[in-house]
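The block underneath contains the structure these notes are about, expressed in structure tokens.
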Amino acid sequence: MHLSEINYEVSVAQPLFSLDGASLITPQSVSNTTAAQPTNDINDLLLTAEAEFALIANIAAQRFEAGKNLPEAVKWLITQMHELRAKAGPAVWQKLIPLIQAHPSAEIMQQCPFTRWSFDKPRGYSGDASLIDFIYGHEDVAIEVARSTPQGLEIFEYTINAPGPVAVRERRDILTQYVDRVAAEKGPDTEILTVAAGHLREAEASEALKNDGIKRWVALDQDPLSIATIARQFQNTCIEPTEGSVRGLLANKYQLGTFDLIYAAGLYDYLADRVAIRLTEVCLDMLKPGGVFLFANFSNEMADDGYMESYMNWELLQRSEEEMWKIAKLSSDQSKVEVDVWWGSNRNIIYSTIHKKA
Ligand SMILES: C[S@@+](CC[C@H](N)C(=O)[O-])C[C@H]1O[C@@H](n2cnc3c(N)ncnc32)[C@H](O)[C@@H]1O
């Protein structure tokens with residue numbers, strides 16, 4: 001996508017990048033949406049925000065040096081960063097991010113293996129499946145965790161129990177429940193498509209998978225390493241690891257067939273409205289009558305955004321309830337579907353389900 005195509009006036013999630021995994025979101029791309037504010041104002045506000053950040057960082061450093069109850073100190077820092085981000089506004093916040101990342105406190109925070117992985121981006125993009133494995137406490141990242149300093153482990157104790165990660169673990173469990181519920185309803189001919197499957201961790205706890213209650217479960221992801229991980233773990237099951245991208249789906253490149261359940265989690269957070277609506281349309285076309293499509297998104301009420309965007313260099317498009325309704329409604333014929341939008345329990349993730357009438 002060319003910058004000239006970006007609509008700067010829309011206050012909902014902004015189009016920031018092209019359709020594919022090769023161009024996932026970066027904090028720098030967001031700054032392109034904030035060009036409208038006068039430079040003088042921004043510079044003045046930046047000075048204030050910088051001073052406020054220095055104060056926060058000093059207090060945090062004192063608490064870290066004292067070495068007492070580090071997880072509590074990290075919790076405090078994450079809350080402060082959320083408030084600072086909200087107060088600064090998008091244009092100032094984008095200018096503050098590199099200053100935070102260059103601050104000595106960043107070196108301390110990056111002792112946390114989850115924070116470090118996110119910042120380093122070993123897979124070359126934000127939000128790879130191994131990053132989510134830290135949140136899941138998965139054994140595949142145990143070596144990486146074990147390499148951490150004692151201080152890093154203490155920080156990690158809070159970062160993976162912050163509201164965002166808590167919501168991500170609930171999201172995985174919700175996905176497992178959907179898979180099992182649909183398989184129980186539709187029987188052994190059930191066909192499932194997971195878009196942006198990552199490592200498909202929700203399959204680990206699926207009773208339907210364990211009991212051969214699913215005919216076919218296509219797990220699509222753009223990252224060949226994630227696909228290889230799924231292939232290794234779920235060989236000799238009905239799971240079909242499939243390398244493919246959103247771009248490929250939109251171009252109708254794969255003949256995947258039709259499904260009883262299609263879902264995407266950890267993907268819409270990177271998709272501009274236009275792409276999200278088009279992808280939803282494509283997924284609804286692949287749904288059998290009586291089938292359900294689910295998509296999840298980090299909500300505009302999420303609490304960890306300031307910490308994630310700065311110390312973790314992990315940018316997400318947060319969406320409000322209205323924005324979720326907008327995607328669901330603009331992508332479907334209301335006479336043929338039933339749409340719902342609902343919250344996860346701590347309101348950091350929001351869901352939409354679209355049921356295709358039988
Ligand atoms: C945050 S992870 C989520 C993984 C999994 N769905 C979960 O909930 O744990 C995001 C996944 O989306 C995949 N992804 C990102 N952009 C994509 C695209 N354009 N097409 C296909 N997959 C994409 C990444 O490769 C990554 O595995």
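Ordering of the structure tokens sets the chain letters (A, B, ...); residue numbers start at 1 within each chain; ligands are numbered from 1 in the order shown.
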Set the distance at 8 Å and use only C-alpha atoms: which residues neighbour Asp223 of chain A once local chain neighbours fewer than 2 positions away are removed? I'd like the list as an MDAnalysis selection string.
chainID A and resid 198 221 225:227 243
Take the residues from that selection and put them in a file with N, CA, C and O atoms, as an mmCIF file, in the first residue's frame.
data_model
loop_
_atom_site.group_PDB
_atom_site.id
_atom_site.type_symbol
_atom_site.label_atom_id
_atom_site.label_comp_id
_atom_site.auth_asym_id
_atom_site.auth_seq_id
_atom_site.Cartn_x
_atom_site.Cartn_y
_atom_site.Cartn_z
ATOM 1 N N GLY A 198 -0.161 -19.919 13.624
ATOM 2 C CA GLY A 198 1.002 -19.932 14.517
ATOM 3 C C GLY A 198 1.421 -21.361 14.771
ATOM 4 O O GLY A 198 1.608 -22.146 13.834
ATOM 5 N N ASP A 221 -0.638 -20.736 7.771
ATOM 6 C CA ASP A 221 0.204 -19.652 8.295
ATOM 7 C C ASP A 221 1.242 -19.287 7.240
ATOM 8 O O ASP A 221 1.657 -20.129 6.431
ATOM 9 N N LEU A 225 8.427 -21.830 9.300
ATOM 10 C CA LEU A 225 8.896 -22.457 10.549
ATOM 11 C C LEU A 225 7.726 -22.863 11.441
ATOM 12 O O LEU A 225 7.756 -23.908 12.091
ATOM 13 N N SER A 226 6.699 -22.009 11.463
ATOM 14 C CA SER A 226 5.513 -22.344 12.269
ATOM 15 C C SER A 226 4.807 -23.550 11.665
ATOM 16 O O SER A 226 4.338 -24.446 12.388
ATOM 17 N N ILE A 227 4.727 -23.575 10.349
ATOM 18 C CA ILE A 227 4.092 -24.709 9.659
ATOM 19 C C ILE A 227 4.867 -25.999 9.948
ATOM 20 O O ILE A 227 4.276 -27.051 10.225
ATOM 21 N N GLU A 243 1.171 -23.883 4.263
ATOM 22 C CA GLU A 243 1.846 -22.584 4.166
ATOM 23 C C GLU A 243 1.035 -21.690 3.238
ATOM 24 O O GLU A 243 0.738 -22.055 2.100
#
Each segment 213-310 of chain A residue no farther than 9 Å from segment 87-98 of chain A, nearest pair in Å, only C-alpha atoms, as a tab-separated table:
residue	atom	partner	partner_atom	distance
A:Gly306	CA	A:Trp93	CA	8.9
A:Glu309	CA	A:Ile97	CA	7.3
A:Ser310	CA	A:Ile97	CA	5.1
For the selection you just gave me, I'd like the residues written to a file as a PDB file, in the first residue's frame, keeping N, CA, C and O atoms.
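That gives us again.pdb:
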ATOM      1  N   GLY A 306       1.260   0.654  26.142  1.00  0.00           N
ATOM      2  CA  GLY A 306       2.416   1.551  26.239  1.00  0.00           C
ATOM      3  C   GLY A 306       3.719   0.775  26.378  1.00  0.00           C
ATOM      4  O   GLY A 306       4.715   1.057  25.709  1.00  0.00           O
ATOM      5  N   GLU A 309       4.425  -1.287  22.983  1.00  0.00           N
ATOM      6  CA  GLU A 309       4.889  -0.503  21.828  1.00  0.00           C
ATOM      7  C   GLU A 309       6.276   0.087  22.035  1.00  0.00           C
ATOM      8  O   GLU A 309       7.012   0.290  21.068  1.00  0.00           O
ATOM      9  N   SER A 310       6.636   0.332  23.276  1.00  0.00           N
ATOM     10  CA  SER A 310       7.938   0.953  23.527  1.00  0.00           C
ATOM     11  C   SER A 310       8.988  -0.120  23.848  1.00  0.00           C
ATOM     12  O   SER A 310       9.791  -0.476  22.976  1.00  0.00           O
TER      13      SER A 310
END
Please return as a ChimeraX atom specification the residues found within 7 Å of ligand 1, counting only C-alpha atoms and all ligand atoms.
/A:19-21,24,127-129,132,172,195-201,220-223,226,244-247,264-267
Tell me, as an MDAnalysis selection string, which residues lie within 10 Å of Ser332 of chain A, counting only C-alpha atoms; anything in the same chain fewer than 6 positions away does not count.
chainID A and resid 277 280:281 284:285 338:339 354 356
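Proximity to Asp140 of chain A was assessed for A:Thr229, A:Ala251, A:Leu256, A:Tyr158 counting only C-alpha atoms; the smallest distance is recorded for A:Thr229.
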Nearest residue to Ser126 of chain A out of A:Val337, A:Met302, A:Leu316, A:Leu249, using only C-alpha atoms?
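Nearest to Ser126 of chain A: A:Leu316.
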So that I can check the surroundings of Gln151 of chain A, please list as a list of chain:residue names every protein, DNA and RNA residue that reaches within 9 Å of it, counting only C-alpha atoms and ignoring chain neighbours fewer than 6 positions away.
A:Phe64, A:Gly67, A:Leu70, A:Ile108, A:Gln111, A:Cys112
Find the residues near Glu72 of chain A: any atom within 10 Å, counting only C-alpha atoms, skip ones fewer than 3 places away on the same chain, and give them as number ranges by chain.
A: 63, 68-69, 75-78, 154-155, 157-158
Would you write out those residues with N, CA and C atoms, as a PDB file, in the first residue's frame?
ATOM      1  N   ARG A  63      13.105   1.375  42.214  1.00  0.00           N
ATOM      2  CA  ARG A  63      12.437   0.157  42.700  1.00  0.00           C
ATOM      3  C   ARG A  63      13.200  -1.089  42.250  1.00  0.00           C
ATOM      4  N   LYS A  68      13.318  -5.243  45.628  1.00  0.00           N
ATOM      5  CA  LYS A  68      12.207  -5.859  46.381  1.00  0.00           C
ATOM      6  C   LYS A  68      10.954  -5.911  45.517  1.00  0.00           C
ATOM      7  N   ASN A  69      10.334  -7.039  45.496  1.00  0.00           N
ATOM      8  CA  ASN A  69       9.075  -7.225  44.772  1.00  0.00           C
ATOM      9  C   ASN A  69       9.112  -6.649  43.353  1.00  0.00           C
ATOM     10  N   LYS A  75       4.699  -4.178  37.226  1.00  0.00           N
ATOM     11  CA  LYS A  75       3.257  -3.898  37.076  1.00  0.00           C
ATOM     12  C   LYS A  75       3.024  -2.384  37.116  1.00  0.00           C
ATOM     13  N   TRP A  76       3.670  -1.736  38.057  1.00  0.00           N
ATOM     14  CA  TRP A  76       3.529  -0.287  38.186  1.00  0.00           C
ATOM     15  C   TRP A  76       4.021   0.400  36.908  1.00  0.00           C
ATOM     16  N   LEU A  77       5.182  -0.037  36.416  1.00  0.00           N
ATOM     17  CA  LEU A  77       5.760   0.577  35.211  1.00  0.00           C
ATOM     18  C   LEU A  77       4.813   0.415  34.012  1.00  0.00           C
ATOM     19  N   ILE A  78       4.259  -0.791  33.849  1.00  0.00           N
ATOM     20  CA  ILE A  78       3.371  -1.052  32.707  1.00  0.00           C
ATOM     21  C   ILE A  78       2.128  -0.156  32.776  1.00  0.00           C
ATOM     22  N   GLU A 154      12.396 -12.436  37.091  1.00  0.00           N
ATOM     23  CA  GLU A 154      11.431 -11.753  37.962  1.00  0.00           C
ATOM     24  C   GLU A 154      10.559 -10.795  37.159  1.00  0.00           C
ATOM     25  N   ILE A 155      11.184 -10.125  36.196  1.00  0.00           N
ATOM     26  CA  ILE A 155      10.412  -9.207  35.343  1.00  0.00           C
ATOM     27  C   ILE A 155       9.398 -10.024  34.531  1.00  0.00           C
ATOM     28  N   GLU A 157       8.029 -12.724  35.267  1.00  0.00           N
ATOM     29  CA  GLU A 157       6.922 -13.204  36.098  1.00  0.00           C
ATOM     30  C   GLU A 157       5.732 -12.251  35.989  1.00  0.00           C
ATOM     31  N   TYR A 158       6.023 -10.936  35.881  1.00  0.00           N
ATOM     32  CA  TYR A 158       4.865 -10.057  35.707  1.00  0.00           C
ATOM     33  C   TYR A 158       4.490  -9.863  34.239  1.00  0.00           C
TER      34      TYR A 158
END
